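Asks: Before I ask anything, let me first share the structure, which is written out below as structure tokens.
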Amino acid sequence: MNSVAPDISVGHGRGRGPGRGGRRGRAALAVVLAVGALLGSSAAAHAADLGMILYTTPAGKRATLNQPEPGRCYTISGAGLTSNLSLVGKTAHFYPKARCAGAPVADLGPGKRQNVRFSSLRVDAD
């Protein structure tokens with residue numbers, strides 16, 4: 001007794017030979033995913049520092065500024081231990097006045113920490 005079972009192997013499609021359609025589809029998908037990953041990571045690197053600033057508020061609470069945008073001034077106040085956890089080598093500048101006015105009271109490079117009293121901060125732009 002002979003029975004015929006449908007061929008369910010990958011790559012067999014309507015009128016196509018074995019493997020032709022499946023390989024092209026997978027190759028095209030791989031290229032699209034690779035390009036998307038490269039463009040996405042490049043855009044993210046320019047949009048944010050990909051790190052964080054840990055600081056102590058004037059009330060004594062720990063706070064975090066996640067992924068600060070390089071070149072943007074953040075009017076936030078701190079008084080105490082402050083850390084620059086930049087993942088892309090950016091220096092953070094801390095100012096005594098709002099809107100990053102005046103000369104910085106501290107400049108913390110990546111991985112650095114110290115006690116700082118500040119009213120605003122800016123991370124280096126490219």
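By order in the structure tokens, chains are A, B, ...; within a chain, residues start at 1; ligands start at 1, following the order shown.
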Skipping near chain neighbours, those fewer than 3 positions away, what residues fall within 7 Å of Leu50 (chain A) using only C-alpha atoms, listed as a list in words?
Replies: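 What passes the distance filter is Ala45, Gln67, Ser86, Leu87 and Val88 of chain A.
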Asks: Those same residues, written as a PDB file, in the first residue's frame with N, CA, C and O atoms?
Replies:
ATOM      1  N   ALA A  45      23.054  56.097  19.702  1.00  0.00           N
ATOM      2  CA  ALA A  45      24.317  56.624  20.216  1.00  0.00           C
ATOM      3  C   ALA A  45      24.371  58.138  20.092  1.00  0.00           C
ATOM      4  O   ALA A  45      24.958  58.816  20.932  1.00  0.00           O
ATOM      5  N   GLN A  67      20.305  58.296  30.559  1.00  0.00           N
ATOM      6  CA  GLN A  67      20.621  58.604  29.168  1.00  0.00           C
ATOM      7  C   GLN A  67      20.506  60.087  28.846  1.00  0.00           C
ATOM      8  O   GLN A  67      19.711  60.506  28.011  1.00  0.00           O
ATOM      9  N   SER A  86      28.818  57.434  32.381  1.00  0.00           N
ATOM     10  CA  SER A  86      28.740  57.506  30.916  1.00  0.00           C
ATOM     11  C   SER A  86      29.305  56.238  30.316  1.00  0.00           C
ATOM     12  O   SER A  86      30.365  55.762  30.716  1.00  0.00           O
ATOM     13  N   LEU A  87      28.607  55.694  29.326  1.00  0.00           N
ATOM     14  CA  LEU A  87      29.082  54.492  28.648  1.00  0.00           C
ATOM     15  C   LEU A  87      29.770  54.805  27.334  1.00  0.00           C
ATOM     16  O   LEU A  87      30.261  53.911  26.662  1.00  0.00           O
ATOM     17  N   VAL A  88      29.803  56.090  26.960  1.00  0.00           N
ATOM     18  CA  VAL A  88      30.431  56.454  25.693  1.00  0.00           C
ATOM     19  C   VAL A  88      31.507  57.526  25.880  1.00  0.00           C
ATOM     20  O   VAL A  88      31.849  58.241  24.952  1.00  0.00           O
TER      21      VAL A  88
END
Asks: If you count only C-alpha atoms, which residues fall within 12 Å of region 51-59 of chain A, apart from same-chain ones fewer than 5 positions away, as a JSON list (two decimals) with all heavy atoms, in the first residue's frame?
Replies:
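For reference, result33.json as written:
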[["chain", "number", "residue", "atom", "x", "y", "z"],
["A", 44, "ALA", "N", 20.70, 55.76, 18.26],
["A", 44, "ALA", "CA", 20.64, 55.79, 19.72],
["A", 44, "ALA", "C", 21.91, 56.39, 20.31],
["A", 44, "ALA", "O", 21.86, 57.12, 21.29],
["A", 44, "ALA", "CB", 20.42, 54.38, 20.27],
["A", 45, "ALA", "N", 23.05, 56.10, 19.70],
["A", 45, "ALA", "CA", 24.32, 56.62, 20.22],
["A", 45, "ALA", "C", 24.37, 58.14, 20.09],
["A", 45, "ALA", "O", 24.96, 58.82, 20.93],
["A", 45, "ALA", "CB", 25.49, 55.99, 19.48],
["A", 64, "THR", "N", 18.48, 59.61, 39.73],
["A", 64, "THR", "CA", 19.17, 59.18, 38.52],
["A", 64, "THR", "C", 18.67, 59.97, 37.32],
["A", 64, "THR", "O", 17.47, 60.13, 37.14],
["A", 64, "THR", "CB", 18.92, 57.68, 38.26],
["A", 64, "THR", "OG1", 19.34, 56.94, 39.41],
["A", 64, "THR", "CG2", 19.68, 57.19, 37.05],
["A", 65, "LEU", "N", 19.60, 60.44, 36.50],
["A", 65, "LEU", "CA", 19.27, 61.01, 35.20],
["A", 65, "LEU", "C", 19.74, 59.98, 34.18],
["A", 65, "LEU", "O", 20.94, 59.79, 33.99],
["A", 65, "LEU", "CB", 19.98, 62.35, 34.99],
["A", 65, "LEU", "CG", 19.84, 62.97, 33.60],
["A", 65, "LEU", "CD1", 18.38, 63.27, 33.28],
["A", 65, "LEU", "CD2", 20.68, 64.23, 33.50],
["A", 66, "ASN", "N", 18.78, 59.28, 33.56],
["A", 66, "ASN", "CA", 19.10, 58.22, 32.61],
["A", 66, "ASN", "C", 19.31, 58.77, 31.22],
["A", 66, "ASN", "O", 18.55, 59.60, 30.75],
["A", 66, "ASN", "CB", 17.96, 57.18, 32.55],
["A", 66, "ASN", "CG", 17.95, 56.31, 33.77],
["A", 66, "ASN", "OD1", 18.96, 55.75, 34.17],
["A", 66, "ASN", "ND2", 16.80, 56.22, 34.41],
["A", 67, "GLN", "N", 20.30, 58.30, 30.56],
["A", 67, "GLN", "CA", 20.62, 58.60, 29.17],
["A", 67, "GLN", "C", 20.51, 60.09, 28.85],
["A", 67, "GLN", "O", 19.71, 60.51, 28.01],
["A", 67, "GLN", "CB", 19.73, 57.77, 28.24],
["A", 67, "GLN", "CG", 19.96, 56.30, 28.40],
["A", 67, "GLN", "CD", 19.15, 55.47, 27.43],
["A", 67, "GLN", "OE1", 18.17, 55.92, 26.86],
["A", 67, "GLN", "NE2", 19.56, 54.24, 27.24],
["A", 68, "PRO", "N", 21.33, 60.91, 29.48],
["A", 68, "PRO", "CA", 21.27, 62.35, 29.20],
["A", 68, "PRO", "C", 21.66, 62.64, 27.75],
["A", 68, "PRO", "O", 22.58, 62.02, 27.21],
["A", 68, "PRO", "CB", 22.26, 62.95, 30.18],
["A", 68, "PRO", "CG", 23.19, 61.83, 30.52],
["A", 68, "PRO", "CD", 22.37, 60.58, 30.45],
["A", 69, "GLU", "N", 20.95, 63.56, 27.15],
["A", 69, "GLU", "CA", 21.23, 63.95, 25.76],
["A", 69, "GLU", "C", 22.45, 64.87, 25.74],
["A", 69, "GLU", "O", 22.46, 65.91, 26.41],
["A", 69, "GLU", "CB", 20.01, 64.67, 25.20],
["A", 69, "GLU", "CG", 20.14, 65.04, 23.76],
["A", 69, "GLU", "CD", 18.90, 65.74, 23.26],
["A", 69, "GLU", "OE1", 17.80, 65.46, 23.76],
["A", 69, "GLU", "OE2", 19.04, 66.57, 22.35],
["A", 70, "PRO", "N", 23.50, 64.51, 25.00],
["A", 70, "PRO", "CA", 24.69, 65.35, 24.96],
["A", 70, "PRO", "C", 24.38, 66.76, 24.46],
["A", 70, "PRO", "O", 23.62, 66.95, 23.52],
["A", 70, "PRO", "CB", 25.61, 64.62, 23.97],
["A", 70, "PRO", "CG", 25.16, 63.19, 24.06],
["A", 70, "PRO", "CD", 23.67, 63.27, 24.25],
["A", 74, "TYR", "N", 20.36, 70.36, 31.76],
["A", 74, "TYR", "CA", 19.32, 69.84, 32.65],
["A", 74, "TYR", "C", 19.33, 70.68, 33.92],
["A", 74, "TYR", "O", 20.34, 70.73, 34.62],
["A", 74, "TYR", "CB", 19.58, 68.37, 32.99],
["A", 74, "TYR", "CG", 19.43, 67.45, 31.81],
["A", 74, "TYR", "CD1", 20.50, 67.19, 30.98],
["A", 74, "TYR", "CD2", 18.21, 66.85, 31.53],
["A", 74, "TYR", "CE1", 20.36, 66.35, 29.88],
["A", 74, "TYR", "CE2", 18.06, 66.00, 30.45],
["A", 74, "TYR", "CZ", 19.14, 65.76, 29.62],
["A", 74, "TYR", "OH", 19.00, 64.94, 28.54],
["A", 76, "ILE", "N", 18.50, 70.59, 37.17],
["A", 76, "ILE", "CA", 18.19, 69.73, 38.31],
["A", 76, "ILE", "C", 19.21, 70.06, 39.40],
["A", 76, "ILE", "O", 20.34, 70.42, 39.09],
["A", 76, "ILE", "CB", 18.22, 68.22, 37.96],
["A", 76, "ILE", "CG1", 19.56, 67.83, 37.34],
["A", 76, "ILE", "CG2", 17.09, 67.85, 37.03],
["A", 76, "ILE", "CD1", 19.70, 66.36, 37.04],
["A", 77, "SER", "N", 18.81, 69.96, 40.63],
["A", 77, "SER", "CA", 19.70, 70.32, 41.74],
["A", 77, "SER", "C", 20.24, 69.09, 42.44],
["A", 77, "SER", "O", 19.53, 68.10, 42.61],
["A", 77, "SER", "CB", 18.95, 71.19, 42.75],
["A", 77, "SER", "OG", 18.59, 72.41, 42.15],
["A", 78, "GLY", "N", 21.48, 69.21, 42.86],
["A", 78, "GLY", "CA", 22.10, 68.14, 43.62],
["A", 78, "GLY", "C", 22.97, 68.70, 44.72],
["A", 78, "GLY", "O", 23.47, 69.83, 44.62],
["A", 79, "ALA", "N", 23.16, 67.93, 45.76],
["A", 79, "ALA", "CA", 24.01, 68.33, 46.87],
["A", 79, "ALA", "C", 24.49, 67.06, 47.56],
["A", 79, "ALA", "O", 23.81, 66.51, 48.41],
["A", 79, "ALA", "CB", 23.25, 69.21, 47.83],
["A", 80, "GLY", "N", 25.63, 66.56, 47.14],
["A", 80, "GLY", "CA", 26.17, 65.35, 47.72],
["A", 80, "GLY", "C", 26.87, 64.50, 46.68],
["A", 80, "GLY", "O", 27.27, 65.00, 45.62],
["A", 81, "LEU", "N", 26.98, 63.22, 46.98],
["A", 81, "LEU", "CA", 27.71, 62.31, 46.10],
["A", 81, "LEU", "C", 27.05, 62.26, 44.72],
["A", 81, "LEU", "O", 25.85, 62.04, 44.59],
["A", 81, "LEU", "CB", 27.77, 60.90, 46.70],
["A", 81, "LEU", "CG", 28.64, 59.91, 45.94],
["A", 81, "LEU", "CD1", 30.09, 60.39, 45.87],
["A", 81, "LEU", "CD2", 28.58, 58.55, 46.59],
["A", 82, "THR", "N", 27.87, 62.48, 43.70],
["A", 82, "THR", "CA", 27.42, 62.50, 42.31],
["A", 82, "THR", "C", 28.37, 61.64, 41.49],
["A", 82, "THR", "O", 29.58, 61.71, 41.67],
["A", 82, "THR", "CB", 27.42, 63.95, 41.78],
["A", 82, "THR", "OG1", 26.59, 64.74, 42.63],
["A", 82, "THR", "CG2", 26.90, 64.03, 40.37],
["A", 83, "SER", "N", 27.81, 60.81, 40.59],
["A", 83, "SER", "CA", 28.62, 59.91, 39.77],
["A", 83, "SER", "C", 28.25, 60.05, 38.30],
["A", 83, "SER", "O", 27.08, 60.16, 37.96],
["A", 83, "SER", "CB", 28.39, 58.45, 40.17],
["A", 83, "SER", "OG", 28.68, 58.26, 41.53],
["A", 84, "ASN", "N", 29.26, 60.01, 37.43],
["A", 84, "ASN", "CA", 29.05, 60.03, 35.99],
["A", 84, "ASN", "C", 29.28, 58.61, 35.49],
["A", 84, "ASN", "O", 30.41, 58.14, 35.44],
["A", 84, "ASN", "CB", 30.02, 61.00, 35.31],
["A", 84, "ASN", "CG", 29.89, 60.98, 33.80],
["A", 84, "ASN", "OD1", 29.04, 60.31, 33.24],
["A", 84, "ASN", "ND2", 30.75, 61.73, 33.14],
["A", 85, "LEU", "N", 28.22, 57.93, 35.10],
["A", 85, "LEU", "CA", 28.33, 56.56, 34.59],
["A", 85, "LEU", "C", 28.12, 56.55, 33.08],
["A", 85, "LEU", "O", 27.34, 55.76, 32.54],
["A", 85, "LEU", "CB", 27.33, 55.66, 35.30],
["A", 85, "LEU", "CG", 27.50, 55.59, 36.82],
["A", 85, "LEU", "CD1", 26.45, 54.69, 37.44],
["A", 85, "LEU", "CD2", 28.88, 55.13, 37.20],
["A", 86, "SER", "N", 28.82, 57.43, 32.38],
["A", 86, "SER", "CA", 28.74, 57.51, 30.92],
["A", 86, "SER", "C", 29.31, 56.24, 30.32],
["A", 86, "SER", "O", 30.37, 55.76, 30.72],
["A", 86, "SER", "CB", 29.55, 58.71, 30.41],
["A", 86, "SER", "OG", 29.65, 58.67, 29.01],
["A", 87, "LEU", "N", 28.61, 55.69, 29.33],
["A", 87, "LEU", "CA", 29.08, 54.49, 28.65],
["A", 87, "LEU", "C", 29.77, 54.81, 27.33],
["A", 87, "LEU", "O", 30.26, 53.91, 26.66],
["A", 87, "LEU", "CB", 27.91, 53.53, 28.41],
["A", 87, "LEU", "CG", 27.22, 53.03, 29.67],
["A", 87, "LEU", "CD1", 26.06, 52.12, 29.31],
["A", 87, "LEU", "CD2", 28.19, 52.32, 30.58],
["A", 88, "VAL", "N", 29.80, 56.09, 26.96],
["A", 88, "VAL", "CA", 30.43, 56.45, 25.69],
["A", 88, "VAL", "C", 31.51, 57.53, 25.88],
["A", 88, "VAL", "O", 31.85, 58.24, 24.95],
["A", 88, "VAL", "CB", 29.38, 56.91, 24.64],
["A", 88, "VAL", "CG1", 28.51, 55.75, 24.23],
["A", 88, "VAL", "CG2", 28.54, 58.05, 25.15],
["A", 89, "GLY", "N", 32.05, 57.63, 27.07],
["A", 89, "GLY", "CA", 33.19, 58.50, 27.31],
["A", 89, "GLY", "C", 32.91, 59.98, 27.38],
["A", 89, "GLY", "O", 33.76, 60.78, 27.02],
["A", 90, "LYS", "N", 31.74, 60.39, 27.85],
["A", 90, "LYS", "CA", 31.38, 61.80, 27.93],
["A", 90, "LYS", "C", 31.66, 62.36, 29.32],
["A", 90, "LYS", "O", 31.45, 61.69, 30.32],
["A", 90, "LYS", "CB", 29.90, 62.01, 27.60],
["A", 90, "LYS", "CG", 29.48, 61.50, 26.26],
["A", 90, "LYS", "CD", 30.05, 62.36, 25.16],
["A", 90, "LYS", "CE", 29.54, 61.88, 23.82],
["A", 90, "LYS", "NZ", 30.08, 62.65, 22.73],
["A", 91, "THR", "N", 32.09, 63.62, 29.37],
["A", 91, "THR", "CA", 32.30, 64.32, 30.64],
["A", 91, "THR", "C", 31.04, 65.09, 30.98],
["A", 91, "THR", "O", 30.41, 65.69, 30.11],
["A", 91, "THR", "CB", 33.49, 65.29, 30.52],
["A", 91, "THR", "OG1", 34.67, 64.52, 30.27],
["A", 91, "THR", "CG2", 33.69, 66.10, 31.79],
["A", 92, "ALA", "N", 30.66, 65.08, 32.26],
["A", 92, "ALA", "CA", 29.51, 65.84, 32.74],
["A", 92, "ALA", "C", 30.01, 67.08, 33.46],
["A", 92, "ALA", "O", 30.95, 67.01, 34.25],
["A", 92, "ALA", "CB", 28.67, 64.98, 33.68],
["A", 93, "HIS", "N", 29.38, 68.22, 33.17],
["A", 93, "HIS", "CA", 29.75, 69.51, 33.76],
["A", 93, "HIS", "C", 28.61, 69.96, 34.66],
["A", 93, "HIS", "O", 27.45, 69.97, 34.24],
["A", 93, "HIS", "CB", 30.00, 70.54, 32.66],
["A", 93, "HIS", "CG", 31.00, 70.08, 31.64],
["A", 93, "HIS", "ND1", 32.36, 70.12, 31.85],
["A", 93, "HIS", "CD2", 30.81, 69.52, 30.42],
["A", 93, "HIS", "CE1", 32.98, 69.62, 30.79],
["A", 93, "HIS", "NE2", 32.06, 69.24, 29.91],
["A", 94, "PHE", "N", 28.94, 70.35, 35.88],
["A", 94, "PHE", "CA", 27.95, 70.73, 36.89],
["A", 94, "PHE", "C", 28.08, 72.22, 37.19],
["A", 94, "PHE", "O", 29.19, 72.70, 37.46],
["A", 94, "PHE", "CB", 28.15, 69.88, 38.15],
["A", 94, "PHE", "CG", 27.95, 68.42, 37.88],
["A", 94, "PHE", "CD1", 29.01, 67.64, 37.42],
["A", 94, "PHE", "CD2", 26.72, 67.83, 38.03],
["A", 94, "PHE", "CE1", 28.82, 66.29, 37.13],
["A", 94, "PHE", "CE2", 26.52, 66.50, 37.76],
["A", 94, "PHE", "CZ", 27.57, 65.72, 37.30],
["A", 108, "LEU", "N", 33.07, 66.01, 35.81],
["A", 108, "LEU", "CA", 33.30, 64.59, 36.12],
["A", 108, "LEU", "C", 33.41, 63.79, 34.84],
["A", 108, "LEU", "O", 32.48, 63.72, 34.05],
["A", 108, "LEU", "CB", 32.15, 64.03, 36.97],
["A", 108, "LEU", "CG", 31.97, 64.61, 38.37],
["A", 108, "LEU", "CD1", 30.80, 63.93, 39.07],
["A", 108, "LEU", "CD2", 33.23, 64.46, 39.18],
["A", 109, "GLY", "N", 34.56, 63.18, 34.65],
["A", 109, "GLY", "CA", 34.74, 62.29, 33.51],
["A", 109, "GLY", "C", 34.01, 60.98, 33.74],
["A", 109, "GLY", "O", 33.50, 60.72, 34.83],
["A", 110, "PRO", "N", 33.98, 60.13, 32.72],
["A", 110, "PRO", "CA", 33.30, 58.84, 32.84],
["A", 110, "PRO", "C", 33.86, 58.01, 34.00],
["A", 110, "PRO", "O", 35.08, 57.91, 34.16],
["A", 110, "PRO", "CB", 33.56, 58.14, 31.51],
["A", 110, "PRO", "CG", 34.07, 59.20, 30.60],
["A", 110, "PRO", "CD", 34.60, 60.31, 31.43],
["A", 111, "GLY", "N", 32.97, 57.48, 34.82],
["A", 111, "GLY", "CA", 33.38, 56.63, 35.93],
["A", 111, "GLY", "C", 33.82, 57.40, 37.16],
["A", 111, "GLY", "O", 34.17, 56.81, 38.17],
["A", 112, "LYS", "N", 33.81, 58.73, 37.12],
["A", 112, "LYS", "CA", 34.25, 59.55, 38.25],
["A", 112, "LYS", "C", 33.07, 59.90, 39.15],
["A", 112, "LYS", "O", 31.93, 59.95, 38.72],
["A", 112, "LYS", "CB", 34.91, 60.84, 37.76],
["A", 112, "LYS", "CG", 36.09, 60.61, 36.85],
["A", 112, "LYS", "CD", 37.20, 59.89, 37.56],
["A", 112, "LYS", "CE", 38.38, 59.69, 36.64],
["A", 112, "LYS", "NZ", 39.40, 58.86, 37.20],
["A", 113, "ARG", "N", 33.41, 60.18, 40.42],
["A", 113, "ARG", "CA", 32.38, 60.59, 41.38],
["A", 113, "ARG", "C", 33.00, 61.50, 42.42],
["A", 113, "ARG", "O", 34.20, 61.41, 42.71],
["A", 113, "ARG", "CB", 31.71, 59.39, 42.02],
["A", 113, "ARG", "CG", 32.63, 58.58, 42.89],
["A", 113, "ARG", "CD", 31.93, 57.40, 43.49],
["A", 113, "ARG", "NE", 32.90, 56.69, 44.32],
["A", 113, "ARG", "CZ", 32.74, 55.50, 44.78],
["A", 113, "ARG", "NH1", 31.64, 54.84, 44.50],
["A", 113, "ARG", "NH2", 33.65, 54.94, 45.53],
["A", 114, "GLN", "N", 32.18, 62.39, 42.94],
["A", 114, "GLN", "CA", 32.62, 63.28, 44.01],
["A", 114, "GLN", "C", 31.40, 63.97, 44.60],
["A", 114, "GLN", "O", 30.31, 63.92, 44.04],
["A", 114, "GLN", "CB", 33.64, 64.31, 43.52],
["A", 114, "GLN", "CG", 33.07, 65.43, 42.67],
["A", 114, "GLN", "CD", 34.14, 66.41, 42.22],
["A", 114, "GLN", "OE1", 35.08, 65.99, 41.57],
["A", 114, "GLN", "NE2", 33.98, 67.68, 42.54],
["A", 115, "ASN", "N", 31.60, 64.62, 45.74],
["A", 115, "ASN", "CA", 30.53, 65.41, 46.34],
["A", 115, "ASN", "C", 30.44, 66.73, 45.60],
["A", 115, "ASN", "O", 31.45, 67.44, 45.46],
["A", 115, "ASN", "CB", 30.80, 65.65, 47.83],
["A", 115, "ASN", "CG", 30.55, 64.41, 48.65],
["A", 115, "ASN", "OD1", 29.62, 63.66, 48.39],
["A", 115, "ASN", "ND2", 31.39, 64.18, 49.64],
["A", 116, "VAL", "N", 29.25, 67.05, 45.11],
["A", 116, "VAL", "CA", 29.04, 68.27, 44.32],
["A", 116, "VAL", "C", 27.72, 68.91, 44.73],
["A", 116, "VAL", "O", 26.72, 68.22, 44.93],
["A", 116, "VAL", "CB", 28.98, 67.94, 42.80],
["A", 116, "VAL", "CG1", 28.80, 69.20, 41.98],
["A", 116, "VAL", "CG2", 30.21, 67.19, 42.34],
["A", 117, "ARG", "N", 27.73, 70.25, 44.82],
["A", 117, "ARG", "CA", 26.50, 71.02, 45.00],
["A", 117, "ARG", "C", 26.29, 71.77, 43.68],
["A", 117, "ARG", "O", 27.15, 72.55, 43.27],
["A", 117, "ARG", "CB", 26.63, 72.00, 46.16],
["A", 117, "ARG", "CG", 25.36, 72.83, 46.39],
["A", 117, "ARG", "CD", 25.50, 73.75, 47.60],
["A", 117, "ARG", "NE", 25.62, 73.00, 48.84],
["A", 117, "ARG", "CZ", 24.59, 72.51, 49.54],
["A", 117, "ARG", "NH1", 23.36, 72.69, 49.10],
["A", 117, "ARG", "NH2", 24.81, 71.86, 50.67],
["A", 118, "PHE", "N", 25.16, 71.49, 43.01],
["A", 118, "PHE", "CA", 24.92, 72.08, 41.69],
["A", 118, "PHE", "C", 23.44, 72.37, 41.48],
["A", 118, "PHE", "O", 22.58, 71.83, 42.19],
["A", 118, "PHE", "CB", 25.44, 71.16, 40.58],
["A", 118, "PHE", "CG", 24.75, 69.82, 40.51],
["A", 118, "PHE", "CD1", 23.68, 69.62, 39.66],
["A", 118, "PHE", "CD2", 25.17, 68.75, 41.30],
["A", 118, "PHE", "CE1", 23.04, 68.38, 39.59],
["A", 118, "PHE", "CE2", 24.55, 67.51, 41.23],
["A", 118, "PHE", "CZ", 23.47, 67.33, 40.37],
["A", 119, "SER", "N", 23.15, 73.23, 40.48],
["A", 119, "SER", "CA", 21.76, 73.57, 40.13],
["A", 119, "SER", "C", 21.43, 73.19, 38.69],
["A", 119, "SER", "O", 20.28, 73.30, 38.29],
["A", 119, "SER", "CB", 21.53, 75.08, 40.33],
["A", 119, "SER", "OG", 21.63, 75.40, 41.69],
["A", 120, "SER", "N", 22.42, 72.79, 37.93],
["A", 120, "SER", "CA", 22.18, 72.31, 36.56],
["A", 120, "SER", "C", 23.40, 71.54, 36.10],
["A", 120, "SER", "O", 24.48, 71.63, 36.69],
["A", 120, "SER", "CB", 21.86, 73.47, 35.62],
["A", 120, "SER", "OG", 22.93, 74.40, 35.58],
["A", 121, "LEU", "N", 23.22, 70.77, 35.02],
["A", 121, "LEU", "CA", 24.32, 70.00, 34.47],
["A", 121, "LEU", "C", 24.16, 69.84, 32.96],
["A", 121, "LEU", "O", 23.07, 69.96, 32.41],
["A", 121, "LEU", "CB", 24.43, 68.63, 35.14],
["A", 121, "LEU", "CG", 23.36, 67.58, 34.85],
["A", 121, "LEU", "CD1", 23.77, 66.69, 33.68],
["A", 121, "LEU", "CD2", 23.13, 66.73, 36.07],
["A", 122, "ARG", "N", 25.31, 69.57, 32.32],
["A", 122, "ARG", "CA", 25.34, 69.32, 30.88],
["A", 122, "ARG", "C", 26.39, 68.25, 30.61],
["A", 122, "ARG", "O", 27.47, 68.27, 31.20],
["A", 122, "ARG", "CB", 25.69, 70.60, 30.12],
["A", 122, "ARG", "CG", 25.77, 70.43, 28.63],
["A", 122, "ARG", "CD", 26.24, 71.71, 27.92],
["A", 122, "ARG", "NE", 25.78, 72.90, 28.59],
["A", 122, "ARG", "CZ", 24.91, 73.78, 28.09],
["A", 122, "ARG", "NH1", 24.42, 73.60, 26.90],
["A", 122, "ARG", "NH2", 24.56, 74.83, 28.76],
["A", 123, "VAL", "N", 26.07, 67.32, 29.72],
["A", 123, "VAL", "CA", 27.01, 66.29, 29.29],
["A", 123, "VAL", "C", 27.61, 66.76, 27.97],
["A", 123, "VAL", "O", 26.89, 67.32, 27.13],
["A", 123, "VAL", "CB", 26.31, 64.93, 29.14],
["A", 123, "VAL", "CG1", 27.24, 63.88, 28.56],
["A", 123, "VAL", "CG2", 25.76, 64.47, 30.48]]
Asks: Please report the interatomic distance between CA of Gly71 (chain A) and CA of Cys100 (chain A) in Å with one decimal.
Replies: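 Taking CA of Gly71 (chain A) as the start and CA of Cys100 (chain A) as the end point, the length is 10.7 Å.
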Asks: CA of Asp124 (chain A) and CA of Arg62 (chain A) are how many Å apart?
Replies: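 Between these atoms lies a distance of 22.9 Å.
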